[in-house]
Amino acid sequence: MKKLINDSREVVDHALEGIVGSSGLVKLLPGQRVVFRADLATFRNEGKVALISGGGAGHEPAHAGFVGPGMLTAAVSGSVFASPSVDQILAAIRLCATQAGVLLIVKNYTGDRLNFGLAAEIARGEGLIVDMVVVGDDVALSLNHQHAGRRGLAGTILVHKIAGGAADRGDSLEAVMKVAERVIDGLSTMSVGLGGCVVPGEEEASSDLSADEVEWGLGIHGESGVERSKHVTAQKAAERLVSRTLEGVLSEASALTTSEQPQVVLMLNNLGGTSNIEMGVMAREVLNEIRNRDVKIQRFWSGAFMTALEMPGVSVTCLHLGAAGEASAQELLDLLDAPVTTLAWPAPWVGRLPDEHVQDPADISIEESPKLSTSPAESVTGKCENMGEDELALLRAVTRTLKNSESELTRMDRIVGDGDLGLSLTHASNTVDALLDDLPRDPSQALTDIASAVRKAVGGTSGPLYAIGLLRAAHQLGDLSSTGLQIDPEESPSAEDLRPEAKLWAVAFDAGVRAIEELGGAIVGDCTMIDALRPAANTLLEVSASGASVGEALSQASLAAQRGAESTRELRARKGRASYVGDRAVGEVDPGAWAVYLWLTALAEASRE
């Protein structure tokens, strides 16, 4: 497909340079694809909460168009339809961090969640105050629990606006996060696509829709929706989109049972290739449709907010403010109306509806990061076993096993995923092997170094997940060693009875697994690596409590991981790429879970030698 670009490999950088070069409102952090507000130095001196968002390019004006006073402090861009790297996000956090903290606003896609989450974890380890909210406003998939959760769509922009207003008025990080989460809970978005889009450098469109078809719930990366139908009129499209989005927020908020009239705001979003005349027709039909409902529409915006390159189609976003007369509803409306200075948010008079929708014509009279504490935690050497030859032998056993299992894991992953797991874990193993001779003797710092190397060397899903697990385990190991093994009895009831050495490693392993659960969003039964990791972690704690050695505990944990991995054979994936494969994965062991069993077995066997 013909596009007005120079080189597909440089299209994102050229686009960002164009945005920054044509406005004095924003600047660009060289080499990192971070667009930040031009008055950043002044902003940091004010001590307000910084907001950072981002994701793949191709969704313009999101997210760089919403950087500026009253909205985002910075936006991070990946390649087209690809998440920004952990290091890019970390650079943005370091650049914008204030004493009040940083809130990351992340769309619910696996890559975004993993990379933003891992960057936040690293930043916290440096002494920065960082928290994160995840936006999932796609109601097209909300009734289908076989997918990896509600996707983040155009409703994310309303989170930017309201959270930005709260931060700008001086709210604390906790308060800004609370209002952001309230907005997320009240959001719903659904799209209709008339065709696909073509990523620069590719020839094929993302969708094979025929000329007389439309697709409902089409994603902003061209991924499949929930249903295809024959082409419909604008009126029929508006009817379905408004009905589904209203149902999505009003039923969840139980607003239909209140005696007060619900208040909503609506956003009609151009997916990128819809003409202005079509947008006018759709705006008319959406407004007509909402007038037939027992709701009060307080604001309405129409335009391009979050696109998918040149995809023809629209999405409708509904935000439920609350019942008429509620103070909290008025607060959200005030934050939506709060002044901003950005490239893409509409002017303040846009969005306010007249009492009558149709009026009689006669009546129309880069700077440096703040110097916050980034000193690493004190070394815990002497409080637990240092990394010695025995520990190095364990690591070598793990990397050797994973490299020897590359073809097996690749074969398994081609059935249920994209086939890159074997190669990714081999790459991770080679990276760790290269570090072994130079690893510090302190176990906590050694795991931190391994986590850093893995996150930089391994992409996809497995790299960030293993990296955050290792990083959280390292932090927990250091905390436990330096604080005298203070364990929350509700988290691990028998932990106080564990033998000292086993206790450190069992609790650190459990902490790492919990980090992967939190960031990946998976639980046992979702047909992921968690089906092996969680039972293994529980077994380590339980067996170590009986006085078993580390080696004995590892042996039992590997058996628990094997049982957990085997159980995925009968499961239908609900998270990750395999969740989109459907029944094709049933009967196959999840490769990520099987990899956990393999390296735990290697650890157990090496510990007995």
# chains A, B, ... in the order shown; residues from 1 in each chain; ligands from 1

call {"tool": "closest_atom_pairs", "arguments": {"of": "stretch 167-202 of chain A", "to": "stretch 51-62 of chain A", "cutoff": "12 Å", "atoms": "only C-alpha atoms", "output": "tab-separated table"}}
result
residue	atom	partner	partner_atom	distance
A:Ala167	CA	A:Leu51	CA	8.0
A:Asp168	CA	A:Leu51	CA	10.0
A:Leu173	CA	A:Leu51	CA	9.8
A:Val176	CA	A:Leu51	CA	9.5
A:Met177	CA	A:Leu51	CA	10.1
A:Ala180	CA	A:Leu51	CA	11.0
A:Cys197	CA	A:Gly58	CA	10.0
A:Val198	CA	A:Gly58	CA	10.2
A:Val199	CA	A:Gly58	CA	8.3
A:Pro200	CA	A:Gly58	CA	9.5

call {"tool": "write_last_selection", "arguments": {"atoms": "C-alpha atoms", "output": "PDB file, in the first residue's frame"}}
result
ATOM      1  CA  ALA A 167      -2.823  15.757  39.294  1.00  0.00           C
ATOM      2  CA  ASP A 168      -2.813  19.358  38.064  1.00  0.00           C
ATOM      3  CA  LEU A 173      -0.563   9.984  44.005  1.00  0.00           C
ATOM      4  CA  VAL A 176      -4.989  10.561  41.494  1.00  0.00           C
ATOM      5  CA  MET A 177      -4.814   6.777  41.247  1.00  0.00           C
ATOM      6  CA  ALA A 180      -8.295   7.082  37.636  1.00  0.00           C
ATOM      7  CA  CYS A 197      -5.041  -1.212   8.033  1.00  0.00           C
ATOM      8  CA  VAL A 198      -1.569  -1.761   6.615  1.00  0.00           C
ATOM      9  CA  VAL A 199       1.504  -1.449   8.817  1.00  0.00           C
ATOM     10  CA  PRO A 200       4.272   0.552   7.099  1.00  0.00           C
TER      11      PRO A 200
END

call {"tool": "residues_around", "arguments": {"residues": "A:Val76", "least_positions_apart": "3", "cutoff": "8 Å", "atoms": "only C-alpha atoms", "output": "ChimeraX atom specification"}}
result
/A:32-35,52-55,63-64,84,88-89,92

call {"tool": "residues_around", "arguments": {"residues": "stretch 283-285 of chain A", "least_positions_apart": "2", "cutoff": "8 Å", "atoms": "only C-alpha atoms", "output": "list in words"}}
result
Ala234, Gln235, Ala238, Glu239, Leu268, Met279, Gly280, Val281, Leu287, Asn288, Glu289 and Ser302 of chain A

call {"tool": "select_by_dssp", "arguments": {"residues": "stretch 387-515 of chain A", "states": "helix (DSSP H, G or I)", "output": "PyMOL selection string"}}
result
chain A and resi 389-404+406-416+421-438+443-457+462-482+495-497+500-515

call {"tool": "closest_residue", "arguments": {"among": "A:Ala91, A:Ile516, A:Ala536, A:Val286", "to": "A:Ser77", "atoms": "only C-alpha atoms"}}
result
A:Ala91

call {"tool": "closest_residue", "arguments": {"among": "A:Met132, A:Ala560, A:Leu28, A:Ala515", "to": "A:Ala15", "atoms": "only C-alpha atoms"}}
result
A:Leu28

call {"tool": "residues_around", "arguments": {"residues": "A:Val226", "least_positions_apart": "4", "cutoff": "7 Å", "atoms": "only C-alpha atoms", "output": "VMD selection string"}}
result
chain A and resid 140 to 141 216 to 217

call {"tool": "atom_distance", "arguments": {"atom1": "atom CA of A:Ala119", "atom2": "atom CA of A:Pro464"}}
result
9.5 Å

call {"tool": "residues_around", "arguments": {"residues": "stretch 41-47 of chain A", "least_positions_apart": "5", "cutoff": "7 Å", "atoms": "only C-alpha atoms", "output": "list of chain:residue names"}}
result
A:Thr98, A:Gln99, A:Ala100

call {"tool": "write_last_selection", "arguments": {"atoms": "C-alpha atoms", "output": "PDB file, in the first residue's frame"}}
result
ATOM      1  CA  THR A  98       8.860  14.092  41.243  1.00  0.00           C
ATOM      2  CA  GLN A  99       8.701  13.741  44.996  1.00  0.00           C
ATOM      3  CA  ALA A 100       4.910  13.386  44.620  1.00  0.00           C
TER       4      ALA A 100
END

call {"tool": "residues_around", "arguments": {"residues": "A:Ser452", "least_positions_apart": "6", "cutoff": "10 Å", "atoms": "only C-alpha atoms", "output": "number ranges by chain"}}
result
A: 122, 446, 464, 467-468, 470-471

call {"tool": "write_last_selection", "arguments": {"atoms": "N, CA and C atoms", "output": "short mmCIF file (atom, residue, chain, number, x, y, z; two decimals), in the first residue's frame"}}
result
data_model
loop_
_atom_site.label_atom_id
_atom_site.label_comp_id
_atom_site.auth_asym_id
_atom_site.auth_seq_id
_atom_site.Cartn_x
_atom_site.Cartn_y
_atom_site.Cartn_z
N ILE A 122 11.54 -1.67 38.51
CA ILE A 122 12.94 -1.24 38.54
C ILE A 122 13.05 0.16 39.14
N ALA A 446 22.95 -10.51 42.79
CA ALA A 446 23.15 -11.39 41.64
C ALA A 446 21.85 -11.61 40.88
N PRO A 464 10.03 -10.27 29.92
CA PRO A 464 9.57 -9.41 31.01
C PRO A 464 9.02 -10.17 32.21
N ALA A 467 11.90 -11.65 34.07
CA ALA A 467 12.69 -10.56 34.64
C ALA A 467 12.04 -9.99 35.90
N ILE A 468 10.72 -9.78 35.86
CA ILE A 468 10.10 -9.20 37.06
C ILE A 468 10.04 -10.22 38.18
N LEU A 470 12.36 -12.53 38.80
CA LEU A 470 13.70 -12.51 39.37
C LEU A 470 13.94 -11.24 40.19
N LEU A 471 13.45 -10.10 39.66
CA LEU A 471 13.68 -8.84 40.35
C LEU A 471 12.94 -8.80 41.68
#

call {"tool": "decode", "arguments": {"residues": "stretch 409-459 of chain A", "atoms": "C-alpha atoms", "output": "PDB file, in the first residue's frame"}}
result
ATOM      1  CA  LEU A 409       9.590 -26.003  23.574  1.00  0.00           C
ATOM      2  CA  THR A 410       9.523 -24.515  20.068  1.00  0.00           C
ATOM      3  CA  ARG A 411       7.426 -27.411  18.795  1.00  0.00           C
ATOM      4  CA  MET A 412       4.982 -27.057  21.694  1.00  0.00           C
ATOM      5  CA  ASP A 413       4.724 -23.271  21.304  1.00  0.00           C
ATOM      6  CA  ARG A 414       4.035 -23.448  17.582  1.00  0.00           C
ATOM      7  CA  ILE A 415       0.824 -25.301  18.368  1.00  0.00           C
ATOM      8  CA  VAL A 416      -0.565 -22.836  20.920  1.00  0.00           C
ATOM      9  CA  GLY A 417       1.414 -19.627  20.363  1.00  0.00           C
ATOM     10  CA  ASP A 418       3.872 -17.977  18.010  1.00  0.00           C
ATOM     11  CA  GLY A 419       6.642 -20.550  18.353  1.00  0.00           C
ATOM     12  CA  ASP A 420       9.283 -18.286  19.910  1.00  0.00           C
ATOM     13  CA  LEU A 421       9.462 -19.676  23.459  1.00  0.00           C
ATOM     14  CA  GLY A 422      12.304 -22.138  22.863  1.00  0.00           C
ATOM     15  CA  LEU A 423      14.477 -19.540  21.153  1.00  0.00           C
ATOM     16  CA  SER A 424      13.647 -16.888  23.764  1.00  0.00           C
ATOM     17  CA  LEU A 425      14.660 -19.132  26.682  1.00  0.00           C
ATOM     18  CA  THR A 426      17.817 -20.219  24.854  1.00  0.00           C
ATOM     19  CA  HIS A 427      18.687 -16.550  24.348  1.00  0.00           C
ATOM     20  CA  ALA A 428      18.023 -15.901  28.038  1.00  0.00           C
ATOM     21  CA  SER A 429      20.199 -18.880  28.993  1.00  0.00           C
ATOM     22  CA  ASN A 430      23.099 -17.687  26.850  1.00  0.00           C
ATOM     23  CA  THR A 431      22.775 -14.235  28.400  1.00  0.00           C
ATOM     24  CA  VAL A 432      22.900 -15.663  31.929  1.00  0.00           C
ATOM     25  CA  ASP A 433      25.844 -17.944  31.062  1.00  0.00           C
ATOM     26  CA  ALA A 434      27.811 -14.917  29.916  1.00  0.00           C
ATOM     27  CA  LEU A 435      27.251 -13.305  33.316  1.00  0.00           C
ATOM     28  CA  LEU A 436      28.080 -16.195  35.608  1.00  0.00           C
ATOM     29  CA  ASP A 437      31.789 -15.575  36.107  1.00  0.00           C
ATOM     30  CA  ASP A 438      31.208 -11.913  36.952  1.00  0.00           C
ATOM     31  CA  LEU A 439      28.142 -12.193  39.173  1.00  0.00           C
ATOM     32  CA  PRO A 440      28.493 -10.501  42.578  1.00  0.00           C
ATOM     33  CA  ARG A 441      28.633 -12.827  45.527  1.00  0.00           C
ATOM     34  CA  ASP A 442      25.595 -11.273  47.195  1.00  0.00           C
ATOM     35  CA  PRO A 443      22.556 -13.403  46.137  1.00  0.00           C
ATOM     36  CA  SER A 444      20.089 -10.503  46.043  1.00  0.00           C
ATOM     37  CA  GLN A 445      22.347  -8.390  43.830  1.00  0.00           C
ATOM     38  CA  ALA A 446      23.153 -11.393  41.643  1.00  0.00           C
ATOM     39  CA  LEU A 447      19.472 -12.009  40.935  1.00  0.00           C
ATOM     40  CA  THR A 448      19.015  -8.303  40.225  1.00  0.00           C
ATOM     41  CA  ASP A 449      21.817  -8.416  37.663  1.00  0.00           C
ATOM     42  CA  ILE A 450      20.341 -11.518  36.027  1.00  0.00           C
ATOM     43  CA  ALA A 451      16.909  -9.861  35.860  1.00  0.00           C
ATOM     44  CA  SER A 452      18.407  -6.782  34.209  1.00  0.00           C
ATOM     45  CA  ALA A 453      20.242  -8.864  31.621  1.00  0.00           C
ATOM     46  CA  VAL A 454      17.187 -10.978  30.808  1.00  0.00           C
ATOM     47  CA  ARG A 455      14.850  -8.001  30.344  1.00  0.00           C
ATOM     48  CA  LYS A 456      17.302  -6.354  27.942  1.00  0.00           C
ATOM     49  CA  ALA A 457      18.071  -9.496  25.972  1.00  0.00           C
ATOM     50  CA  VAL A 458      14.705 -11.245  25.705  1.00  0.00           C
ATOM     51  CA  GLY A 459      11.594  -9.737  24.173  1.00  0.00           C
TER      52      GLY A 459
END
